[in-house]
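Novice: Sending over model_36.txt (compact mmCIF, C-alpha atoms).
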# COMPACT_ATOMS: atom_id res chain seq x y z
CA ASP A 1463 8.96 164.74 -113.70
CA ALA A 1464 6.87 161.82 -114.95
CA GLY A 1465 6.47 158.88 -112.66
CA VAL A 1466 6.19 155.23 -113.61
CA ILE A 1467 3.70 154.90 -116.44
CA GLN A 1468 1.65 151.76 -116.95
CA SER A 1469 -0.76 150.84 -119.70
CA PRO A 1470 -3.50 149.93 -120.05
CA ARG A 1471 -5.12 151.06 -116.78
CA HIS A 1472 -7.88 148.50 -117.19
CA GLU A 1473 -8.07 145.32 -119.23
CA VAL A 1474 -11.00 142.96 -119.54
CA THR A 1475 -10.61 139.89 -121.70
CA GLU A 1476 -11.79 136.31 -122.02
CA MET A 1477 -9.85 133.38 -120.72
CA GLY A 1478 -7.41 131.91 -123.17
CA GLN A 1479 -6.52 135.27 -124.68
CA GLU A 1480 -3.05 136.76 -124.58
CA VAL A 1481 -2.61 139.78 -122.32
CA THR A 1482 0.27 142.25 -122.50
CA LEU A 1483 0.91 144.81 -119.80
CA ARG A 1484 3.33 147.66 -120.39
CA CYS A 1485 5.53 149.77 -118.17
CA LYS A 1486 7.76 152.79 -118.63
CA PRO A 1487 10.02 153.31 -115.61
CA ILE A 1488 11.27 156.63 -114.34
CA SER A 1489 14.12 157.89 -116.50
CA GLY A 1490 17.49 157.05 -114.94
CA HIS A 1491 16.20 154.27 -112.73
CA ASN A 1492 18.06 151.02 -113.30
CA SER A 1493 15.84 148.56 -111.43
CA LEU A 1494 12.33 147.54 -112.43
CA PHE A 1495 9.85 145.36 -110.59
CA TRP A 1496 6.54 143.72 -111.49
CA TYR A 1497 4.07 143.01 -108.69
CA ARG A 1498 0.63 141.46 -108.47
CA GLN A 1499 -1.90 142.54 -105.84
CA THR A 1500 -4.98 140.55 -104.82
CA MET A 1501 -7.20 140.63 -101.77
CA MET A 1502 -6.26 137.08 -100.85
CA ARG A 1503 -2.49 137.22 -101.29
CA GLY A 1504 -1.68 140.92 -100.94
CA LEU A 1505 1.28 142.29 -102.88
CA GLU A 1506 3.54 139.69 -104.52
CA LEU A 1507 6.79 140.34 -106.36
CA LEU A 1508 6.72 138.58 -109.72
CA ILE A 1509 10.05 139.55 -111.27
CA TYR A 1510 12.90 142.00 -110.80
CA PHE A 1511 15.19 143.45 -113.48
CA ASN A 1512 18.45 145.29 -112.92
CA ASN A 1513 20.07 147.08 -115.87
CA ASN A 1514 17.52 145.37 -118.14
CA VAL A 1515 18.56 141.88 -117.00
CA PRO A 1516 16.13 139.61 -115.12
CA ILE A 1517 17.67 138.96 -111.72
CA ASP A 1518 14.93 137.19 -109.80
CA ASP A 1519 11.90 135.62 -111.45
CA SER A 1520 11.09 133.21 -108.66
CA GLY A 1521 7.74 134.91 -108.13
CA MET A 1522 6.48 134.27 -111.65
CA PRO A 1523 3.55 131.91 -111.10
CA GLU A 1524 4.05 129.57 -114.05
CA ASP A 1525 5.16 129.32 -117.64
CA ARG A 1526 2.12 131.23 -118.82
CA PHE A 1527 3.77 134.38 -117.47
CA SER A 1528 6.75 136.01 -119.15
CA ALA A 1529 8.42 139.41 -118.81
CA LYS A 1530 10.87 141.29 -120.95
CA MET A 1531 12.86 144.48 -120.70
CA PRO A 1532 14.29 145.22 -124.16
CA ASN A 1533 15.69 148.59 -123.08
CA ALA A 1534 15.99 150.85 -120.06
CA SER A 1535 12.73 152.64 -120.75
CA PHE A 1536 10.29 149.83 -121.44
CA SER A 1537 9.13 146.53 -120.01
CA THR A 1538 6.28 144.13 -120.72
CA LEU A 1539 4.55 141.44 -118.71
CA LYS A 1540 2.72 138.89 -120.84
CA ILE A 1541 0.22 136.23 -119.87
CA GLN A 1542 -0.56 133.56 -122.44
CA PRO A 1543 -3.02 131.92 -122.17
CA SER A 1544 -4.82 133.95 -119.53
CA GLU A 1545 -7.02 132.34 -116.86
CA PRO A 1546 -9.67 133.80 -114.50
CA ARG A 1547 -7.35 133.30 -111.51
CA ASP A 1548 -4.94 135.80 -113.11
CA SER A 1549 -7.42 138.58 -112.36
CA ALA A 1550 -5.61 141.10 -110.16
CA VAL A 1551 -4.03 144.52 -110.16
CA TYR A 1552 -0.54 144.43 -111.64
CA PHE A 1553 1.94 147.09 -110.58
CA CYS A 1554 5.23 148.12 -112.07
CA ALA A 1555 7.79 149.91 -109.90
CA SER A 1556 11.25 151.31 -110.53
CA SER A 1557 14.12 152.41 -108.35
CA LEU A 1558 17.58 153.89 -108.50
CA GLY A 1559 19.92 151.18 -107.33
CA ALA A 1560 19.83 147.44 -107.11
CA GLN A 1561 17.42 145.39 -105.04
CA GLY A 1562 18.65 145.49 -101.49
CA SER A 1563 19.80 149.08 -101.65
CA ASN A 1564 18.05 151.59 -99.43
CA GLN A 1565 16.52 153.36 -102.39
CA PRO A 1566 12.72 153.36 -102.37
CA GLN A 1567 10.65 151.95 -105.17
CA HIS A 1568 8.31 154.21 -107.12
CA PHE A 1569 5.06 152.63 -108.25
CA GLY A 1570 2.84 153.15 -111.24
CA ASP A 1571 -0.93 153.35 -110.86
CA GLY A 1572 -1.33 149.72 -111.91
CA THR A 1573 -3.27 147.74 -114.49
CA ARG A 1574 -6.54 146.25 -113.25
CA LEU A 1575 -6.89 142.97 -115.12
CA SER A 1576 -10.12 140.99 -115.29
CA ILE A 1577 -10.19 137.62 -117.04
CA LEU A 1578 -13.71 136.39 -117.72
CA ALA B 1247 15.61 136.30 -93.13
CA GLN B 1248 13.27 139.21 -92.75
CA SER B 1249 9.60 139.69 -92.01
CA VAL B 1250 7.19 142.46 -91.16
CA THR B 1251 3.98 142.37 -89.15
CA GLN B 1252 1.37 145.05 -89.24
CA LEU B 1253 -0.54 144.51 -86.06
CA ASP B 1254 -3.89 145.91 -87.16
CA SER B 1255 -5.72 145.18 -90.39
CA HIS B 1256 -8.06 148.14 -89.80
CA VAL B 1257 -7.76 151.30 -87.72
CA SER B 1258 -10.64 153.75 -87.29
CA VAL B 1259 -10.17 157.32 -86.08
CA SER B 1260 -12.13 160.53 -86.05
CA GLU B 1261 -10.95 163.52 -88.02
CA GLY B 1262 -8.62 165.64 -85.92
CA THR B 1263 -7.55 162.81 -83.60
CA PRO B 1264 -4.11 161.14 -83.58
CA VAL B 1265 -3.21 158.24 -85.84
CA LEU B 1266 -1.08 155.25 -84.81
CA LEU B 1267 -0.36 152.44 -87.26
CA ARG B 1268 1.79 149.72 -85.79
CA CYS B 1269 4.56 147.77 -87.48
CA ASN B 1270 7.02 145.23 -86.11
CA TYR B 1271 9.84 143.73 -88.13
CA SER B 1272 12.47 141.04 -87.92
CA SER B 1273 15.75 141.21 -89.76
CA SER B 1274 19.13 139.49 -89.73
CA TYR B 1275 20.89 142.72 -90.65
CA SER B 1276 20.45 146.43 -90.12
CA PRO B 1277 17.27 147.08 -92.04
CA SER B 1278 15.94 149.85 -94.18
CA LEU B 1279 12.29 150.47 -93.41
CA PHE B 1280 9.63 152.23 -95.42
CA TRP B 1281 6.00 153.23 -95.11
CA TYR B 1282 3.89 153.45 -98.23
CA VAL B 1283 0.32 154.65 -98.68
CA GLN B 1284 -2.13 153.37 -101.28
CA HIS B 1285 -5.25 155.33 -102.14
CA PRO B 1286 -8.07 153.59 -104.04
CA ASN B 1287 -7.18 152.72 -107.63
CA LYS B 1288 -3.69 154.09 -107.20
CA GLY B 1289 -0.20 152.71 -106.82
CA LEU B 1290 1.82 152.77 -103.63
CA GLN B 1291 3.28 156.14 -102.72
CA LEU B 1292 6.31 156.50 -100.45
CA LEU B 1293 5.49 158.26 -97.19
CA LEU B 1294 8.88 158.02 -95.49
CA LYS B 1295 11.96 155.87 -95.11
CA TYR B 1296 14.47 154.94 -92.43
CA THR B 1297 18.01 154.09 -93.51
CA SER B 1298 20.12 154.07 -90.31
CA ALA B 1299 20.28 157.83 -89.87
CA ALA B 1300 17.99 159.63 -87.42
CA THR B 1301 15.62 157.26 -85.67
CA LEU B 1302 12.71 159.71 -85.92
CA VAL B 1303 11.80 160.06 -89.55
CA LYS B 1304 9.50 162.73 -90.91
CA GLY B 1305 7.54 162.07 -94.06
CA ILE B 1306 5.01 163.71 -96.27
CA ASN B 1307 1.54 164.88 -95.22
CA GLY B 1308 2.52 165.28 -91.57
CA PHE B 1309 3.34 161.62 -90.95
CA GLU B 1310 6.36 160.46 -89.00
CA ALA B 1311 7.74 157.16 -87.74
CA GLU B 1312 10.21 156.19 -85.07
CA PHE B 1313 12.67 153.33 -85.45
CA LYS B 1314 13.07 151.47 -82.14
CA LYS B 1315 15.66 148.75 -82.44
CA SER B 1316 15.07 147.39 -78.94
CA GLU B 1317 11.41 146.86 -79.73
CA THR B 1318 11.93 145.99 -83.43
CA SER B 1319 9.19 148.47 -84.22
CA PHE B 1320 8.61 151.20 -86.78
CA HIS B 1321 5.20 152.65 -85.93
CA LEU B 1322 3.65 155.37 -88.09
CA THR B 1323 2.00 158.35 -86.41
CA LYS B 1324 0.26 161.60 -87.24
CA PRO B 1325 -0.94 164.11 -84.64
CA SER B 1326 -4.23 164.94 -86.34
CA ALA B 1327 -6.03 162.83 -88.93
CA HIS B 1328 -7.55 164.35 -92.03
CA MET B 1329 -10.27 162.83 -94.17
CA SER B 1330 -7.80 162.59 -97.05
CA ASP B 1331 -5.62 160.25 -94.96
CA ALA B 1332 -8.14 157.44 -95.42
CA ALA B 1333 -6.21 154.80 -97.37
CA GLU B 1334 -4.26 151.57 -96.95
CA TYR B 1335 -0.79 151.79 -95.42
CA PHE B 1336 2.05 149.32 -95.92
CA CYS B 1337 5.14 148.83 -93.80
CA VAL B 1338 8.11 147.47 -95.78
CA VAL B 1339 11.47 146.07 -94.67
CA ASN B 1340 14.68 145.58 -96.61
CA SER B 1341 17.64 143.88 -94.96
CA GLY B 1342 20.19 144.10 -97.71
CA TYR B 1343 20.63 141.98 -100.81
CA SER B 1344 17.15 140.55 -100.76
CA THR B 1345 13.74 141.42 -102.00
CA LEU B 1346 11.53 143.85 -100.15
CA THR B 1347 9.09 142.33 -97.70
CA PHE B 1348 5.71 144.04 -97.51
CA GLY B 1349 3.33 143.91 -94.59
CA LYS B 1350 -0.25 142.88 -95.25
CA GLY B 1351 -1.43 146.46 -94.92
CA THR B 1352 -3.52 148.50 -92.50
CA MET B 1353 -6.67 150.16 -93.73
CA LEU B 1354 -7.10 153.58 -92.09
CA LEU B 1355 -10.69 154.76 -91.83
CA VAL B 1356 -11.32 158.41 -90.92
CA SER B 1357 -14.77 159.51 -89.83
CA PRO B 1358 -15.98 163.12 -89.72
Now that the file is in, can you turn its structure into C-alpha cells?

Specialist:
Amino acid sequence: DAGVIQSPRHEVTEMGQEVTLRCKPISGHNSLFWYRQTMMRGLELLIYFNNNVPIDDSGMPEDRFSAKMPNASFSTLKIQPSEPRDSAVYFCASSLGAQGSNQPQHFGDGTRLSIL
Amino acid sequence: AQSVTQLDSHVSVSEGTPVLLRCNYSSSYSPSLFWYVQHPNKGLQLLLKYTSAATLVKGINGFEAEFKKSETSFHLTKPSAHMSDAAEYFCVVNSGYSTLTFGKGTMLLVSP
C-alpha cells in the first residue's frame, strides 16, 4: 500500500518566486497535516485539515503561506513570495481520525526547499 | 496543556549494547504517546504507540517502551543496538483534542 507521497523531493529557487508543494495522503485517511522542520525550530505544525476542511492554521507563519485541500486525495502548500528564511524540509502527514484521536500520523519523505 | 521532554539530544552506543532513549511528558488528560524514528532524508516513521492498554509496548525493529504514569515517563529501549538503528528519535504526546506535541529529538549514534 502506498504511503504519503510528496512532490517534489527537492526544490531550489530564487527568493521572490512562487513555490508549490504537493501531497497525496494515504487513501482512506481523513486528516492531513503540513509540517516544517528546521535545525533551529525542530518540527512545527503549519496547518491541519480534517475531511478536506482547514481546522487549525495557527502555525502558518504569515500571509505568504497558503494551503488547500480540494479533495480527499490531494493537498498543496504554497509560498508566495518565497524568502530565504523559508528554507526547510516540509513534511506532509495523514492519519485516520481527527486530531486528538490516538491514531498515529504517517509521514511522507518530505520536500527539501532551498530559497536562494 | 501538554509537553514532552527528551532528556538527551545525543546518545552514543556501541553495536550490540543496549539502547535507552529517555522521554518525560506532562499532560492534563490520559495521554497517547508515540515514538517515531527519522532516518536521514526521510520522513518520520512510527516505531510504537501507547494508548492506555498494556503499559509495555512493543514496536518494530526490536524496540519497546514502558509507560510509567507515576514517573510521567515513556522511555524507549532496545536490548542490542544495530548499526541501522542510527537515526533521530522523537517522542510525541497527544492528550486529546489538541495538536500533537513533538519532543526536540534524540540523535542515536551507533559505533562498530

Novice: Neighbours of Ile1306 (chain B) within 9 Å (all atoms listed in the file; same-chain residues fewer than 5 positions away dropped), as a count of residues only?

Specialist: 3

Novice: Can you pull out every residue within 9 Å of Gly1521 (chain A), counting all atoms listed in the file, but drop anything in the same chain fewer than 5 positions away, and send it as a PyMOL selection string?

Specialist: chain A and resi 1497+1506-1509

Novice: How would the residues just picked look written out with C-alpha atoms as a PDB file, in the frame of the given file?

Specialist:
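The resulting again07.pdb:
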ATOM      1  CA  TYR A1497       4.070 143.010-108.690  1.00  0.00           C
ATOM      2  CA  GLU A1506       3.540 139.690-104.520  1.00  0.00           C
ATOM      3  CA  LEU A1507       6.790 140.340-106.360  1.00  0.00           C
ATOM      4  CA  LEU A1508       6.720 138.580-109.720  1.00  0.00           C
ATOM      5  CA  ILE A1509      10.050 139.550-111.270  1.00  0.00           C
TER       6      ILE A1509
END

Novice: Residues near Phe1495 (chain A), anyone? I mean within 7 Å using only C-alpha atoms, not counting same-chain ones fewer than 4 positions away, as a CSV table (one decimal) with C-alpha atoms, in the frame of the given file.

Specialist:
chain,number,residue,atom,x,y,z
A,1509,ILE,CA,10.0,139.6,-111.3
A,1510,TYR,CA,12.9,142.0,-110.8
A,1511,PHE,CA,15.2,143.4,-113.5
A,1554,CYS,CA,5.2,148.1,-112.1
A,1555,ALA,CA,7.8,149.9,-109.9
A,1556,SER,CA,11.2,151.3,-110.5

Novice: Given only C-alpha atoms as the basis, pick out the residue of A:Ser1528, A:Cys1485, A:Met1502, A:Ser1537 nearest to Arg1471 (chain A).

Specialist: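 The shortest atom-to-atom distance to Arg1471 (chain A) comes from A:Cys1485.
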
Novice: Sorted by chain and rising residue number, list the residues of chain B at most 8 Å from chain A (counting all atoms listed in the file), each with its closest atom pair and distance in Å to one decimal, as a tab-separated table.

Specialist:
residue	atom	partner	partner_atom	distance
B:Ser1278	CA	A:Asn1564	CA	5.9
B:Phe1280	CA	A:Pro1566	CA	7.7
B:Asn1287	CA	A:Asp1571	CA	7.1
B:Lys1288	CA	A:Asp1571	CA	4.6
B:Gly1289	CA	A:Asp1571	CA	4.2
B:Leu1290	CA	A:Phe1569	CA	5.6
B:Gln1291	CA	A:Phe1569	CA	6.8
B:Leu1292	CA	A:His1568	CA	7.3
B:Lys1295	CA	A:Pro1566	CA	7.7
B:Thr1297	CA	A:Asn1564	CA	6.4
B:Asn1340	CA	A:Gly1562	CA	6.3
B:Ser1341	CA	A:Gly1562	CA	6.8
B:Gly1342	CA	A:Gly1562	CA	4.3
B:Tyr1343	CA	A:Gly1562	CA	4.1
B:Ser1344	CA	A:Gly1562	CA	5.2
B:Thr1345	CA	A:Gln1561	CA	6.2
B:Leu1346	CA	A:Gly1562	CA	7.4
B:Phe1348	CA	A:Leu1505	CA	7.2
B:Lys1350	CA	A:Gly1504	CA	6.2

Novice: Report, in Å with one decimal, the straight-line distance from CA of Asp1548 (chain A) to CA of Pro1516 (chain A).

Specialist: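 Separation of CA of Asp1548 (chain A) and CA of Pro1516 (chain A): 21.5 Å.
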
Novice: Can you measure CA of Gln1284 (chain B) to CA of Gly1559 (chain A) for me? One decimal in Å is fine.

Specialist: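 Those two atoms sit 23.0 Å apart.
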
Novice: I'd like the contact shell of Leu1355 (chain B) - 12 Å cut-off, all atoms listed in the file, skipping same-chain residues fewer than 5 positions apart - returned as a ChimeraX atom specification.

Specialist: /B:1255-1261,1263,1265-1267,1285,1327-1335

Novice: With C-alpha atoms retained, write the just-selected residues as an mmCIF file, in the frame of the given file.

Specialist:
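Generated file (out_28.cif):
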data_model
loop_
_atom_site.group_PDB
_atom_site.id
_atom_site.type_symbol
_atom_site.label_atom_id
_atom_site.label_comp_id
_atom_site.auth_asym_id
_atom_site.auth_seq_id
_atom_site.Cartn_x
_atom_site.Cartn_y
_atom_site.Cartn_z
ATOM 1 C CA SER B 1255 -5.720 145.180 -90.390
ATOM 2 C CA HIS B 1256 -8.060 148.140 -89.800
ATOM 3 C CA VAL B 1257 -7.760 151.300 -87.720
ATOM 4 C CA SER B 1258 -10.640 153.750 -87.290
ATOM 5 C CA VAL B 1259 -10.170 157.320 -86.080
ATOM 6 C CA SER B 1260 -12.130 160.530 -86.050
ATOM 7 C CA GLU B 1261 -10.950 163.520 -88.020
ATOM 8 C CA THR B 1263 -7.550 162.810 -83.600
ATOM 9 C CA VAL B 1265 -3.210 158.240 -85.840
ATOM 10 C CA LEU B 1266 -1.080 155.250 -84.810
ATOM 11 C CA LEU B 1267 -0.360 152.440 -87.260
ATOM 12 C CA HIS B 1285 -5.250 155.330 -102.140
ATOM 13 C CA ALA B 1327 -6.030 162.830 -88.930
ATOM 14 C CA HIS B 1328 -7.550 164.350 -92.030
ATOM 15 C CA MET B 1329 -10.270 162.830 -94.170
ATOM 16 C CA SER B 1330 -7.800 162.590 -97.050
ATOM 17 C CA ASP B 1331 -5.620 160.250 -94.960
ATOM 18 C CA ALA B 1332 -8.140 157.440 -95.420
ATOM 19 C CA ALA B 1333 -6.210 154.800 -97.370
ATOM 20 C CA GLU B 1334 -4.260 151.570 -96.950
ATOM 21 C CA TYR B 1335 -0.790 151.790 -95.420
#

Novice: Could you pull out every residue with an atom within 10 Å of (-0.7, 141.3, -81.6), file coordinates, counting only C-alpha atoms, and send them as a PyMOL selection string?

Specialist: chain B and resi 1251-1254+1268+1270

Novice: Which is closer to Pro1470 (chain A) than all the others in A:Asn1533, A:Ser1544, A:Ser1520, A:Thr1538, using all atoms listed in the file?

Specialist: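 Closest candidate: A:Thr1538.
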
Novice: What is the CA of Asn1513 (chain A) to CA of Asn1492 (chain A) distance in Å?

Specialist: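 Answer for the CA of Asn1513 (chain A) to CA of Asn1492 (chain A) separation: 5.1 Å.
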
Novice: Can you put N, CA, C and O atoms back into region 1544-1558 of chain A and show it as an mmCIF file, in the coordinates of the input?

Specialist:
data_model
loop_
_atom_site.group_PDB
_atom_site.id
_atom_site.type_symbol
_atom_site.label_atom_id
_atom_site.label_comp_id
_atom_site.auth_asym_id
_atom_site.auth_seq_id
_atom_site.Cartn_x
_atom_site.Cartn_y
_atom_site.Cartn_z
ATOM 1 N N SER A 1544 -4.352 133.399 -120.791
ATOM 2 C CA SER A 1544 -4.820 133.950 -119.530
ATOM 3 C C SER A 1544 -5.916 133.057 -118.926
ATOM 4 O O SER A 1544 -6.628 132.338 -119.650
ATOM 5 N N GLU A 1545 -6.019 133.100 -117.591
ATOM 6 C CA GLU A 1545 -7.020 132.340 -116.860
ATOM 7 C C GLU A 1545 -7.717 133.270 -115.857
ATOM 8 O O GLU A 1545 -7.118 134.267 -115.433
ATOM 9 N N PRO A 1546 -8.949 132.931 -115.461
ATOM 10 C CA PRO A 1546 -9.670 133.800 -114.500
ATOM 11 C C PRO A 1546 -8.878 134.068 -113.215
ATOM 12 O O PRO A 1546 -8.959 135.160 -112.653
ATOM 13 N N ARG A 1547 -8.097 133.098 -112.761
ATOM 14 C CA ARG A 1547 -7.350 133.300 -111.510
ATOM 15 C C ARG A 1547 -6.205 134.309 -111.670
ATOM 16 O O ARG A 1547 -5.555 134.677 -110.684
ATOM 17 N N ASP A 1548 -5.947 134.753 -112.889
ATOM 18 C CA ASP A 1548 -4.940 135.800 -113.110
ATOM 19 C C ASP A 1548 -5.504 137.197 -112.841
ATOM 20 O O ASP A 1548 -4.749 138.184 -112.870
ATOM 21 N N SER A 1549 -6.787 137.280 -112.615
ATOM 22 C CA SER A 1549 -7.420 138.580 -112.360
ATOM 23 C C SER A 1549 -6.811 139.196 -111.102
ATOM 24 O O SER A 1549 -6.782 138.581 -110.038
ATOM 25 N N ALA A 1550 -6.321 140.420 -111.244
ATOM 26 C CA ALA A 1550 -5.610 141.100 -110.160
ATOM 27 C C ALA A 1550 -5.257 142.496 -110.633
ATOM 28 O O ALA A 1550 -5.532 142.872 -111.777
ATOM 29 N N VAL A 1551 -4.633 143.256 -109.747
ATOM 30 C CA VAL A 1551 -4.030 144.520 -110.160
ATOM 31 C C VAL A 1551 -2.520 144.281 -110.260
ATOM 32 O O VAL A 1551 -1.899 143.760 -109.318
ATOM 33 N N TYR A 1552 -1.961 144.626 -111.396
ATOM 34 C CA TYR A 1552 -0.540 144.430 -111.640
ATOM 35 C C TYR A 1552 0.159 145.778 -111.587
ATOM 36 O O TYR A 1552 -0.224 146.718 -112.279
ATOM 37 N N PHE A 1553 1.183 145.855 -110.747
ATOM 38 C CA PHE A 1553 1.940 147.090 -110.580
ATOM 39 C C PHE A 1553 3.352 146.924 -111.120
ATOM 40 O O PHE A 1553 3.976 145.878 -110.963
ATOM 41 N N CYS A 1554 3.831 147.989 -111.700
ATOM 42 C CA CYS A 1554 5.230 148.120 -112.070
ATOM 43 C C CYS A 1554 5.847 149.172 -111.155
ATOM 44 O O CYS A 1554 5.199 150.182 -110.817
ATOM 45 N N ALA A 1555 7.081 148.940 -110.737
ATOM 46 C CA ALA A 1555 7.790 149.910 -109.900
ATOM 47 C C ALA A 1555 9.222 150.012 -110.405
ATOM 48 O O ALA A 1555 9.757 149.072 -110.999
ATOM 49 N N SER A 1556 9.843 151.154 -110.169
ATOM 50 C CA SER A 1556 11.250 151.310 -110.530
ATOM 51 C C SER A 1556 11.995 151.982 -109.392
ATOM 52 O O SER A 1556 11.403 152.647 -108.542
ATOM 53 N N SER A 1557 13.299 151.771 -109.364
ATOM 54 C CA SER A 1557 14.120 152.410 -108.350
ATOM 55 C C SER A 1557 15.515 152.672 -108.885
ATOM 56 O O SER A 1557 15.948 152.077 -109.890
ATOM 57 N N LEU A 1558 16.202 153.559 -108.177
ATOM 58 C CA LEU A 1558 17.580 153.890 -108.500
ATOM 59 C C LEU A 1558 18.448 153.021 -107.594
ATOM 60 O O LEU A 1558 18.463 153.193 -106.391
#
